[in-house]
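The file model10.txt contains compact mmCIF, C-alpha atoms:
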# COMPACT_ATOMS: atom_id res chain seq x y z
CA MET K 847 40.29 97.76 75.68
CA ILE K 848 40.70 99.62 78.95
CA ALA K 849 39.71 103.27 78.86
CA ILE K 850 41.53 105.75 81.08
CA VAL K 851 39.47 108.90 81.66
CA LYS K 852 41.31 111.87 80.21
CA TYR K 853 40.77 115.11 82.14
CA ASN K 854 42.69 118.00 83.68
CA ALA K 855 44.39 116.06 86.48
CA GLY K 856 48.03 115.15 86.87
CA ASN K 857 49.82 111.85 86.62
CA ILE K 858 47.25 110.10 84.47
CA ARG K 859 49.99 108.65 82.30
CA SER K 860 51.38 106.61 85.18
CA VAL K 861 48.28 104.41 85.06
CA LYS K 862 48.79 103.86 81.34
CA ASN K 863 52.41 102.92 82.06
CA ALA K 864 51.26 100.38 84.65
CA LEU K 865 48.88 98.79 82.13
CA ASP K 866 51.65 98.78 79.49
CA ARG K 867 53.84 96.85 81.95
CA LEU K 868 51.09 94.24 82.17
CA ASN K 869 50.82 94.16 78.36
CA VAL K 870 47.21 95.37 78.57
CA GLU K 871 45.95 97.66 75.84
CA SER K 872 44.58 100.98 77.08
CA LYS K 873 43.60 104.37 75.78
CA LEU K 874 43.37 107.83 77.34
CA THR K 875 40.03 109.22 76.25
CA ASP K 876 37.27 111.68 77.12
CA ASP K 877 35.02 110.51 74.30
CA PRO K 878 31.64 109.37 75.77
CA GLU K 879 31.18 106.62 73.19
CA GLU K 880 34.67 105.22 73.74
CA LEU K 881 34.16 105.29 77.49
CA ALA K 882 30.81 103.51 77.22
CA ALA K 883 32.23 100.88 74.87
CA ALA K 884 35.35 100.11 76.94
CA GLU K 885 35.70 96.77 78.67
CA LYS K 886 36.73 98.57 81.85
CA VAL K 887 37.30 102.18 82.85
CA ILE K 888 39.99 103.64 85.12
CA PHE K 889 39.55 107.15 86.54
CA PRO K 890 42.94 108.20 87.94
CA GLY K 891 44.33 111.57 88.92
CA VAL K 892 46.24 113.76 91.28
CA GLY K 893 45.05 117.32 91.63
CA GLU K 894 42.40 119.64 92.96
CA ALA K 895 38.72 118.68 93.23
CA LYS K 896 36.97 121.91 92.16
CA SER K 897 38.79 122.48 88.88
CA ALA K 898 38.51 118.76 88.07
CA MET K 899 34.73 118.74 88.64
CA ASN K 900 34.32 121.95 86.64
CA TYR K 901 36.17 120.34 83.76
CA LEU K 902 34.01 117.20 83.91
CA ASN K 903 30.74 119.17 84.22
CA GLU K 904 31.53 121.50 81.31
CA ARG K 905 32.03 118.50 79.05
CA LYS K 906 29.06 116.58 80.51
CA LEU K 907 31.50 113.84 81.42
CA ASP K 908 29.92 113.72 84.90
CA GLU K 909 26.71 112.25 83.41
CA VAL K 910 28.71 109.86 81.24
CA LEU K 911 30.78 108.51 84.13
CA ILE K 912 27.91 107.87 86.54
CA SER K 913 25.96 106.02 83.85
CA LEU K 914 28.74 103.52 83.07
CA LYS K 915 27.92 99.85 83.67
CA GLN K 916 31.32 98.14 83.27
CA PRO K 917 33.86 97.73 86.12
CA PHE K 918 35.11 101.21 86.98
CA LEU K 919 38.09 102.04 89.21
CA GLY K 920 38.79 105.50 90.61
CA ILE K 921 42.27 106.19 91.96
CA CYS K 922 43.21 108.93 94.46
CA LEU K 923 41.49 112.14 93.28
CA GLY K 924 39.40 109.91 90.99
CA MET K 925 37.98 108.08 94.01
CA GLN K 926 37.37 111.35 95.86
CA LEU K 927 35.45 112.76 92.89
CA MET K 928 33.20 109.66 92.98
CA CYS K 929 32.03 110.68 96.49
CA SER K 930 29.08 112.98 97.20
CA TYR K 931 30.92 116.08 98.33
CA SER K 932 34.45 117.40 98.95
CA GLU K 933 35.52 120.03 101.45
CA GLU K 934 38.24 120.94 98.97
CA ARG K 935 36.90 124.30 97.76
CA ASP K 936 33.36 123.25 98.71
CA THR K 937 32.83 120.96 95.73
CA LYS K 938 29.79 118.88 94.81
CA CYS K 939 31.13 115.64 93.36
CA LEU K 940 29.71 112.78 91.27
CA GLY K 941 27.71 111.21 94.11
CA ILE K 942 28.37 107.57 93.23
CA PHE K 943 29.44 106.92 96.83
CA GLU K 944 27.61 108.62 99.64
CA GLU K 945 30.82 109.21 101.62
CA LYS K 946 32.16 112.76 101.98
CA VAL K 947 35.71 114.03 101.43
CA LYS K 948 37.23 115.99 104.30
CA LYS K 949 40.45 117.81 105.08
CA PHE K 950 42.91 116.07 107.41
CA PRO K 951 42.84 117.56 110.92
CA PRO K 952 45.81 119.88 111.53
CA LYS K 953 47.53 117.59 114.01
CA GLY K 954 50.22 116.04 111.80
CA LEU K 955 52.09 116.35 108.53
CA VAL K 956 49.93 116.99 105.47
CA PRO K 957 49.99 115.71 102.73
CA HIS K 958 49.79 112.12 103.91
CA MET K 959 52.68 111.00 101.75
CA GLY K 960 54.37 107.64 101.65
CA TRP K 961 53.74 103.97 102.36
CA ASN K 962 51.04 103.06 104.84
CA ASP K 963 49.10 99.95 105.81
CA PHE K 964 45.99 99.24 103.90
CA THR K 965 43.50 96.91 105.57
CA ALA K 966 41.21 95.23 103.08
CA ILE K 967 37.74 94.51 104.39
CA ASN K 968 36.37 92.53 101.45
CA GLY K 969 35.92 92.34 97.71
CA PRO K 970 37.43 90.90 94.54
CA LEU K 971 40.02 93.68 94.30
CA PHE K 972 41.99 92.17 97.14
CA GLN K 973 42.57 88.56 96.04
CA ASN K 974 46.09 87.39 96.99
CA ILE K 975 46.75 90.66 98.80
CA GLU K 976 47.79 90.42 102.43
CA LYS K 977 45.25 91.54 105.03
CA GLU K 978 47.61 94.39 105.89
CA GLU K 979 49.53 95.55 102.86
CA ASN K 980 51.69 98.64 102.33
CA MET K 981 50.41 100.95 99.63
CA TYR K 982 51.66 104.34 98.45
CA PHE K 983 49.54 107.36 99.37
CA VAL K 984 49.74 111.07 98.46
CA HIS K 985 46.77 113.17 99.52
CA SER K 986 45.71 116.10 101.70
CA TYR K 987 42.00 115.22 101.90
CA TYR K 988 40.51 111.91 103.04
CA VAL K 989 37.24 110.03 102.64
CA GLU K 990 35.29 109.38 105.82
CA VAL K 991 34.45 105.76 106.61
CA GLY K 992 30.89 104.99 105.53
CA ARG K 993 28.50 102.52 104.00
CA ASP K 994 30.49 101.89 100.79
CA THR K 995 33.85 101.46 102.56
CA ILE K 996 35.66 98.21 101.71
CA GLY K 997 39.16 99.07 102.96
CA GLU K 998 40.62 101.28 105.67
CA THR K 999 43.84 103.06 106.56
CA GLU K 1000 44.79 105.13 109.56
CA TYR K 1001 46.68 108.40 109.35
CA LEU K 1002 45.83 111.03 111.97
CA ILE K 1003 42.37 109.39 111.91
CA PRO K 1004 40.95 106.17 110.41
CA PHE K 1005 39.71 106.82 106.87
CA ALA K 1006 38.25 104.93 103.91
CA SER K 1007 41.05 103.90 101.56
CA ALA K 1008 38.84 101.71 99.35
CA LEU K 1009 35.18 102.03 98.36
CA GLN K 1010 32.76 99.97 96.30
CA LYS K 1011 29.21 100.28 95.11
CA ASN K 1012 27.98 97.92 92.39
CA ASN K 1013 30.42 98.17 89.45
CA PHE K 1014 32.16 101.21 90.91
CA TYR K 1015 35.42 100.78 92.86
CA GLY K 1016 37.74 103.39 94.32
CA VAL K 1017 41.12 103.33 96.04
CA GLN K 1018 42.81 106.27 97.75
CA PHE K 1019 46.36 104.95 97.30
CA HIS K 1020 48.21 104.64 94.01
CA PRO K 1021 48.30 100.98 92.92
CA GLU K 1022 50.35 102.05 89.89
CA LYS K 1023 53.06 103.28 92.28
CA SER K 1024 52.71 100.60 94.97
CA ALA K 1025 55.23 98.10 93.61
CA ASP K 1026 54.10 94.44 93.55
CA SER K 1027 51.17 94.95 95.96
CA GLY K 1028 49.71 97.56 93.64
CA ARG K 1029 50.34 95.45 90.56
CA LYS K 1030 48.31 92.62 92.12
CA LEU K 1031 45.42 94.98 92.78
CA ILE K 1032 45.41 96.21 89.17
CA GLU K 1033 45.52 92.60 87.95
CA ASN K 1034 42.56 91.78 90.22
CA PHE K 1035 40.60 94.71 88.83
CA LEU K 1036 41.30 93.56 85.29
CA LYS K 1037 39.88 90.11 86.16
CA ILE K 1038 36.57 91.45 87.52
CA MET D 836 49.30 101.02 111.48
CA THR D 837 51.66 103.85 110.76
CA LEU D 838 53.14 105.79 107.94
CA LYS D 839 56.47 104.14 107.10
CA LYS D 840 59.86 105.83 107.14
CA ARG D 841 61.11 106.01 103.57
CA ILE D 842 64.51 104.82 102.32
CA ILE D 843 65.46 106.73 99.19
CA PRO D 844 68.45 106.02 96.94
CA CYS D 845 69.59 108.98 94.85
CA LEU D 846 71.08 108.57 91.37
CA ASP D 847 73.17 111.30 89.76
CA ILE D 848 72.68 111.35 86.00
CA LYS D 849 74.89 112.86 83.33
CA ASP D 850 74.02 112.50 79.64
CA GLY D 851 71.57 109.72 80.49
CA GLN D 852 74.04 107.63 82.50
CA THR D 853 74.61 107.25 86.22
CA VAL D 854 77.71 109.13 87.26
CA LYS D 855 78.93 107.65 90.48
CA GLY D 856 80.29 104.17 89.96
CA VAL D 857 78.36 101.19 91.17
CA ASN D 858 79.70 97.77 91.97
CA PHE D 859 76.74 95.49 91.79
CA VAL D 860 78.26 92.42 90.19
CA ASP D 861 74.97 91.31 88.66
CA ILE D 862 74.24 94.55 86.86
CA ARG D 863 75.43 94.34 83.28
CA SER D 864 75.99 98.01 82.74
CA ALA D 865 76.80 99.86 85.92
CA GLY D 866 76.05 103.13 84.18
CA ASP D 867 72.50 102.27 83.18
CA PRO D 868 70.13 104.15 85.48
CA ILE D 869 67.14 102.00 84.51
CA GLU D 870 68.85 98.79 85.54
CA LEU D 871 70.05 100.32 88.77
CA ALA D 872 66.58 101.74 89.49
CA LYS D 873 64.94 98.37 88.88
CA ARG D 874 67.44 96.75 91.17
CA TYR D 875 66.53 99.22 93.95
CA VAL D 876 62.81 98.68 93.43
CA LYS D 877 63.29 94.92 93.74
CA GLU D 878 65.32 95.40 96.91
CA GLY D 879 62.55 97.43 98.54
CA ALA D 880 63.54 101.08 98.03
CA ASP D 881 60.50 103.24 98.86
CA GLU D 882 61.15 106.04 96.39
CA LEU D 883 63.93 107.09 94.04
CA VAL D 884 65.50 110.44 93.23
CA PHE D 885 67.21 111.15 89.90
CA LEU D 886 69.35 114.28 89.74
CA ASP D 887 70.42 115.57 86.35
CA ILE D 888 73.88 117.09 86.59
CA THR D 889 74.19 117.72 82.86
CA ALA D 890 74.80 121.32 81.88
CA THR D 891 74.05 121.14 78.16
CA VAL D 892 70.78 121.57 76.29
CA ASP D 893 71.19 118.20 74.56
CA GLY D 894 71.88 116.55 77.89
CA ARG D 895 68.66 117.93 79.34
CA LYS D 896 66.69 116.53 76.43
CA THR D 897 68.32 113.16 77.04
CA PHE D 898 67.29 113.42 80.68
CA ALA D 899 63.62 114.02 79.80
CA GLU D 900 63.74 110.94 77.55
CA LEU D 901 65.28 108.98 80.40
CA VAL D 902 62.52 110.15 82.77
CA SER D 903 59.94 108.81 80.34
CA GLN D 904 61.73 105.43 80.25
CA ILE D 905 61.96 105.35 84.04
CA ALA D 906 58.22 106.04 84.30
CA HIS D 907 57.53 103.13 81.98
CA GLU D 908 59.80 100.72 83.79
CA ILE D 909 59.44 101.29 87.52
CA ASN D 910 56.40 101.06 89.78
CA ILE D 911 57.35 103.18 92.77
CA PRO D 912 57.29 106.99 93.01
CA PHE D 913 60.29 108.98 91.84
CA THR D 914 61.46 112.58 92.04
CA VAL D 915 63.56 114.29 89.41
CA GLY D 916 65.69 117.36 89.84
CA GLY D 917 68.69 119.29 88.67
CA GLY D 918 68.69 122.50 86.69
CA ILE D 919 64.93 123.07 86.75
CA SER D 920 64.37 126.81 86.41
CA SER D 921 60.94 127.38 84.91
CA ILE D 922 57.40 126.08 84.88
CA GLU D 923 58.10 124.86 81.32
CA ASP D 924 60.95 122.65 82.58
CA VAL D 925 58.57 121.23 85.18
CA GLN D 926 55.84 120.58 82.60
CA ILE D 927 58.25 118.59 80.41
CA LEU D 928 59.34 116.37 83.30
CA LEU D 929 55.81 115.80 84.62
CA ASP D 930 54.59 114.98 81.11
CA ALA D 931 57.44 112.49 80.89
CA GLY D 932 56.01 110.79 83.99
CA ALA D 933 57.91 112.13 87.00
CA ASP D 934 55.91 111.99 90.25
CA LYS D 935 57.63 115.01 91.78
CA VAL D 936 60.17 117.62 90.80
CA SER D 937 62.87 118.95 93.04
CA ILE D 938 63.99 122.55 92.75
CA ASN D 939 66.89 124.22 94.48
CA SER D 940 68.87 127.21 93.15
CA ALA D 941 65.96 128.36 90.97
CA ALA D 942 63.70 128.55 94.03
CA VAL D 943 66.25 130.77 95.79
CA ARG D 944 66.53 133.01 92.73
CA ASN D 945 62.77 133.10 92.21
CA PRO D 946 60.79 131.91 95.26
CA ASN D 947 57.55 132.48 93.39
CA LEU D 948 58.39 129.49 91.18
CA ILE D 949 57.42 127.28 94.14
CA LYS D 950 53.99 128.88 94.28
CA GLU D 951 53.58 128.70 90.51
CA ILE D 952 54.33 124.96 90.41
CA SER D 953 52.19 124.29 93.46
CA ASP D 954 49.22 126.21 92.07
CA GLU D 955 49.53 124.64 88.64
CA PHE D 956 50.22 121.01 89.56
CA GLY D 957 49.58 120.66 93.31
CA SER D 958 51.91 120.91 96.28
CA GLN D 959 52.64 117.17 96.23
CA PHE D 960 54.60 117.71 92.99
CA VAL D 961 57.00 120.25 94.49
CA VAL D 962 60.01 119.18 96.48
CA VAL D 963 62.31 122.01 97.53
CA ALA D 964 65.89 120.86 98.01
CA ILE D 965 67.74 122.85 100.65
CA ASP D 966 71.52 122.54 100.80
CA ALA D 967 72.45 123.84 104.25
CA GLY D 968 75.98 124.69 105.34
CA LEU D 969 77.52 126.30 108.39
CA VAL D 970 78.75 129.87 107.94
CA ASN D 971 80.03 131.46 111.18
CA ASN D 972 78.18 128.77 113.06
CA GLU D 973 74.86 129.55 111.41
CA TRP D 974 73.03 127.28 108.97
CA LYS D 975 72.84 129.10 105.65
CA VAL D 976 71.32 128.05 102.34
CA PHE D 977 73.82 127.14 99.61
CA VAL D 978 73.12 127.15 95.88
CA LYS D 979 74.75 125.92 92.66
CA GLY D 980 75.30 122.40 93.89
CA GLY D 981 76.57 123.59 97.25
CA ARG D 982 79.34 125.76 95.80
CA GLU D 983 77.90 129.14 96.71
CA ALA D 984 76.63 130.38 100.09
CA THR D 985 73.68 132.77 100.28
CA GLU D 986 72.54 135.10 103.04
CA LEU D 987 69.42 133.01 103.60
CA ASP D 988 68.95 131.38 106.99
CA ALA D 989 68.11 127.70 106.39
CA PHE D 990 65.29 127.60 108.98
CA GLU D 991 63.63 130.80 107.77
CA TRP D 992 63.93 129.64 104.17
CA ALA D 993 62.30 126.30 105.05
CA LYS D 994 59.32 128.10 106.64
CA LYS D 995 59.02 130.32 103.60
CA VAL D 996 59.05 127.46 101.07
CA GLU D 997 56.36 125.70 103.10
CA GLU D 998 54.20 128.84 102.97
CA LEU D 999 54.79 129.11 99.21
CA GLY D 1000 53.37 125.63 98.71
CA ALA D 1001 56.26 123.14 98.80
CA GLY D 1002 54.97 119.63 99.50
CA GLU D 1003 58.22 118.29 100.87
CA ILE D 1004 61.75 119.38 101.76
CA LEU D 1005 64.89 117.51 100.84
CA LEU D 1006 67.42 118.73 103.38
CA THR D 1007 71.11 118.11 102.71
CA SER D 1008 73.78 119.11 105.20
CA MET D 1009 76.88 120.27 103.33
CA GLN D 1010 78.79 119.65 106.56
CA ASN D 1011 77.87 115.96 106.57
CA ASP D 1012 77.59 115.14 102.87
CA GLY D 1013 80.27 112.68 101.82
CA THR D 1014 81.61 112.16 105.35
CA LYS D 1015 79.79 108.88 106.07
CA ALA D 1016 79.79 110.06 109.70
CA GLY D 1017 76.01 110.25 110.04
CA PHE D 1018 73.18 112.65 109.21
CA ALA D 1019 73.06 116.20 110.63
CA LEU D 1020 70.75 115.33 113.52
CA GLU D 1021 70.41 118.73 115.21
CA LEU D 1022 69.86 120.58 111.94
CA THR D 1023 67.34 117.99 110.74
CA GLN D 1024 65.43 117.94 114.02
CA LYS D 1025 65.27 121.69 114.43
CA LEU D 1026 64.12 122.17 110.86
CA SER D 1027 61.65 119.26 110.70
CA GLU D 1028 59.93 120.08 113.99
CA SER D 1029 59.22 123.62 112.82
CA LEU D 1030 57.29 122.48 109.71
CA ASN D 1031 54.02 120.75 108.80
CA ILE D 1032 55.37 119.18 105.61
CA PRO D 1033 57.59 116.07 105.36
CA VAL D 1034 61.37 116.46 105.51
CA ILE D 1035 63.81 114.01 103.93
CA ALA D 1036 67.26 113.94 105.52
CA SER D 1037 70.28 113.70 103.26
CA GLY D 1038 74.06 113.75 103.61
CA GLY D 1039 76.33 111.68 105.79
CA ALA D 1040 74.85 108.18 105.72
CA GLY D 1041 77.60 105.64 106.38
CA THR D 1042 76.04 102.86 108.43
CA SER D 1043 72.62 101.37 109.16
CA GLU D 1044 72.83 102.93 112.64
CA HIS D 1045 72.89 106.37 111.04
CA PHE D 1046 69.47 105.72 109.51
CA LYS D 1047 68.13 104.54 112.86
CA GLU D 1048 69.47 107.70 114.55
CA VAL D 1049 67.92 110.07 112.05
CA PHE D 1050 64.51 108.40 112.34
CA GLU D 1051 64.60 108.16 116.15
CA ARG D 1052 66.01 111.58 116.90
CA THR D 1053 64.39 113.77 114.25
CA ASN D 1054 60.99 114.15 112.58
CA ALA D 1055 62.42 113.24 109.16
CA THR D 1056 60.05 110.89 107.35
CA GLY D 1057 62.61 109.75 104.82
CA ALA D 1058 66.36 109.38 104.47
CA LEU D 1059 68.28 109.70 101.24
CA ALA D 1060 71.71 108.33 100.35
CA ALA D 1061 73.73 107.58 97.25
CA SER D 1062 77.14 105.97 97.51
CA VAL D 1063 76.42 103.61 100.43
CA PHE D 1064 73.70 102.07 98.28
CA HIS D 1065 75.49 102.26 94.91
CA PHE D 1066 78.63 100.62 96.27
CA GLY D 1067 76.66 97.95 98.08
CA GLU D 1068 78.01 99.04 101.46
CA ILE D 1069 74.50 98.98 102.90
CA PRO D 1070 72.22 96.61 101.01
CA ILE D 1071 68.66 97.92 101.29
CA PRO D 1072 67.16 94.58 102.48
CA THR D 1073 69.77 94.44 105.26
CA LEU D 1074 69.06 98.05 106.23
CA LYS D 1075 65.33 97.46 106.33
CA SER D 1076 65.49 94.33 108.43
CA TYR D 1077 67.88 96.09 110.81
CA LEU D 1078 65.47 99.04 111.15
CA LYS D 1079 62.55 96.66 111.75
CA ASP D 1080 64.54 94.93 114.52
CA GLN D 1081 65.15 98.37 116.03
CA ASN D 1082 61.40 99.11 115.98
CA VAL D 1083 61.66 101.74 113.27
CA SER D 1084 58.54 101.48 111.13
CA VAL D 1085 59.58 100.58 107.57
CA ARG D 1086 57.90 98.81 104.70

Rewritten as structure tokens:
Amino acid sequence: MIAIVKYNAGNIRSVKNALDRLNVESKLTDDPEELAAAEKVIFPGVGEAKSAMNYLNERKLDEVLISLKQPFLGICLGMQLMCSYSEERDTKCLGIFEEKVKKFPPKGLVPHMGWNDFTAINGPLFQNIEKEENMYFVHSYYVEVGRDTIGETEYLIPFASALQKNNFYGVQFHPEKSADSGRKLIENFLKI
Amino acid sequence: MTLKKRIIPCLDIKDGQTVKGVNFVDIRSAGDPIELAKRYVKEGADELVFLDITATVDGRKTFAELVSQIAHEINIPFTVGGGISSIEDVQILLDAGADKVSINSAAVRNPNLIKEISDEFGSQFVVVAIDAGLVNNEWKVFVKGGREATELDAFEWAKKVEELGAGEILLTSMQNDGTKAGFALELTQKLSESLNIPVIASGGAGTSEHFKEVFERTNATGALAASVFHFGEIPIPTLKSYLKDQNVSVR
């Protein structure tokens, strides 16, 4: 069973819909035991970092998430919350990745919204995915390129659009909304 | 590496069915929005917009059920709009799986609704649709499906909705809508260059060249059309390969 982390962020259901389309059983849950027992965990979300972290901290879900050993995929806000720190309302995050989350410089349209090239650097998430593939992005903050970066995108500046450390993976774009390219990535994650 | 210009088909929905006729020979039921949506996804549409034009309470419930089906079936982002007037309406549609909601007349009546939605769900969920029409040679905001002019200046209104937290503007020129003579280039350029949020141009698409023009001559990041897609006059794959040949960045 795939567990989808239930918390106070938007658009979590779209990940469940994507798994339903692949005929993969999944469950939205914030129960620590269910999360620990799941075959894989997906941490999706669109929303604001501070209120999301407050929600996770109050329920001690922060400790649960960082202790998980199975393949874990953060999407969009989920990936940003896995970083060490976010400039969005000065928020200390989970610290799985050492990268920091910053606000886009005010020299173009924000949010970064739409289809943009994703350049995969390496990793099992990107099997059968073109070196440069269009993925769907919606975000106003970005993750700086750092040690755990495994994929990059450029919008206003180059930023980390995929991260990995051990069993923890993160993608800034929305694979569940990125048509066939995104479907392939989800399938790859399920095979890890 | 660049952000791609988005091609966005718009489907008008009444009582759960598409309203404007379609003539895709291989679609079994031309009125089935799910089949039409899937067809557009397969053809390479970048996003979809579904506008509910139903006026009844039952019809609105049907629409929310349809939104839930759409969210299950398609794997690209979609916006829903039509008749949204409260944060409760928005909650129902987002729970059903919509990626964004589009508000129009209700935002004019109660501008604070934009801020409420943005604060509650994030600015990326809020699209403000602006129907602009010329009144004494000035672009004014129209409401009620373009039937009623207001005193609001379209450019000032656009700035205000950005300040209130809109994540995107869907700009329709009443002058151009339905003419198939091209998008309102001057209006779109003047409005899009004054803002820091994305603008989608709508109204007037008749040929592939019109899409090229709006992307080359304005800051619009997306272009929306209905009938030219529904009637197969401009197949999306043809449009996209044309735009690529013209060095417009598309997916």

Go through D:Val1034, D:Leu838, D:Ala1019, D:Met1009 one by one, measure the shortest atom-to-atom distance of each to Ala993 of chain D using all atoms listed in the file, and give the residue with the smallest value.
D:Val1034

Neighbours of Ala967 of chain D within 10 Å (only C-alpha atoms; same-chain residues fewer than 2 positions away dropped), as number ranges by chain?
D: 964-965, 969-970, 973-978, 981, 984-985, 987-990, 1006-1011, 1019, 1022

Residues near Phe1005 of chain K, cut-off 10 Å, all atoms listed in the file, skip fewer than 2 positions along chain, as a PyMOL selection string
chain K and resi 947-948+950+988-992+995+997-1003+1007-1008+1018

Residues within 8 Å of segment 1033-1036 of chain K, please, as a ChimeraX atom specification. Count all atoms listed in the file; anything in the same chain fewer than 2 positions from it doesn't count.
/K:886,917,919,970-973,1029-1031,1038

Please identify all residues of chain K having at least one atom at most 9 Å from any atom of chain D, considering all atoms listed in the file, and return them as a VMD selection string.
chain K and resid 855 to 860 862 to 864 866 to 867 892 to 894 952 to 964 978 980 982 984 to 986 999 to 1001 1021 to 1026 1028 to 1029

With 3 Å of padding per side, what axis-aligned box (centre and edge lengths, Å, one decimal) covers all the listed atoms of segment 891-904 of chain D? Give it as AutoDock Vina command-line options.
--center_x 67.0 --center_y 113.5 --center_z 78.7 --size_x 20.1 --size_y 22.1 --size_z 14.2

As a list in words, please: the residues near Pro1070 of chain D (cut-off 12 Å, all atoms listed in the file, same-chain neighbours under 6 positions excluded).
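That gives Ile842, Pro844, Asn858, Phe859, Arg874, Tyr875, Lys877, Glu878, Gly879, Ala880, Gly1041, Thr1042, Ser1043, Ala1060, Ala1061, Ser1062, Val1063, Phe1064, Ser1076 and Tyr1077 of chain D.
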
Selection from above, C-alpha atoms, as a PDB file, in the coordinates of the input, can you write it?
ATOM      1  CA  ILE D 842      64.510 104.820 102.320  1.00  0.00           C
ATOM      2  CA  PRO D 844      68.450 106.020  96.940  1.00  0.00           C
ATOM      3  CA  ASN D 858      79.700  97.770  91.970  1.00  0.00           C
ATOM      4  CA  PHE D 859      76.740  95.490  91.790  1.00  0.00           C
ATOM      5  CA  ARG D 874      67.440  96.750  91.170  1.00  0.00           C
ATOM      6  CA  TYR D 875      66.530  99.220  93.950  1.00  0.00           C
ATOM      7  CA  LYS D 877      63.290  94.920  93.740  1.00  0.00           C
ATOM      8  CA  GLU D 878      65.320  95.400  96.910  1.00  0.00           C
ATOM      9  CA  GLY D 879      62.550  97.430  98.540  1.00  0.00           C
ATOM     10  CA  ALA D 880      63.540 101.080  98.030  1.00  0.00           C
ATOM     11  CA  GLY D1041      77.600 105.640 106.380  1.00  0.00           C
ATOM     12  CA  THR D1042      76.040 102.860 108.430  1.00  0.00           C
ATOM     13  CA  SER D1043      72.620 101.370 109.160  1.00  0.00           C
ATOM     14  CA  ALA D1060      71.710 108.330 100.350  1.00  0.00           C
ATOM     15  CA  ALA D1061      73.730 107.580  97.250  1.00  0.00           C
ATOM     16  CA  SER D1062      77.140 105.970  97.510  1.00  0.00           C
ATOM     17  CA  VAL D1063      76.420 103.610 100.430  1.00  0.00           C
ATOM     18  CA  PHE D1064      73.700 102.070  98.280  1.00  0.00           C
ATOM     19  CA  SER D1076      65.490  94.330 108.430  1.00  0.00           C
ATOM     20  CA  TYR D1077      67.880  96.090 110.810  1.00  0.00           C
TER      21      TYR D1077
END

Distance atom CA of Thr853 of chain D-atom CA of Thr891 of chain D, one decimal place?
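That distance, rounded to one decimal, is 16.1 Å.
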
Could segment 1015-1030 of chain K be written out with C-alpha atoms, as a PDB file, in the first residue's frame, please?
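Once written, part_1.pdb looks like this:
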ATOM      1  CA  TYR K1015      13.323  11.848  -3.195  1.00  0.00           C
ATOM      2  CA  GLY K1016      11.770  15.197  -4.038  1.00  0.00           C
ATOM      3  CA  VAL K1017      10.507  16.860  -7.207  1.00  0.00           C
ATOM      4  CA  GLN K1018       9.449  20.491  -7.553  1.00  0.00           C
ATOM      5  CA  PHE K1019       7.093  19.890 -10.492  1.00  0.00           C
ATOM      6  CA  HIS K1020       3.814  18.007 -10.358  1.00  0.00           C
ATOM      7  CA  PRO K1021       4.249  14.555 -11.920  1.00  0.00           C
ATOM      8  CA  GLU K1022       0.540  13.924 -11.290  1.00  0.00           C
ATOM      9  CA  LYS K1023      -0.247  16.861 -13.604  1.00  0.00           C
ATOM     10  CA  SER K1024       2.564  16.377 -16.128  1.00  0.00           C
ATOM     11  CA  ALA K1025       0.745  14.108 -18.583  1.00  0.00           C
ATOM     12  CA  ASP K1026       2.689  11.041 -19.799  1.00  0.00           C
ATOM     13  CA  SER K1027       6.108  12.328 -18.660  1.00  0.00           C
ATOM     14  CA  GLY K1028       4.820  12.638 -15.119  1.00  0.00           C
ATOM     15  CA  ARG K1029       3.106   9.258 -15.248  1.00  0.00           C
ATOM     16  CA  LYS K1030       6.442   7.648 -16.162  1.00  0.00           C
TER      17      LYS K1030
END
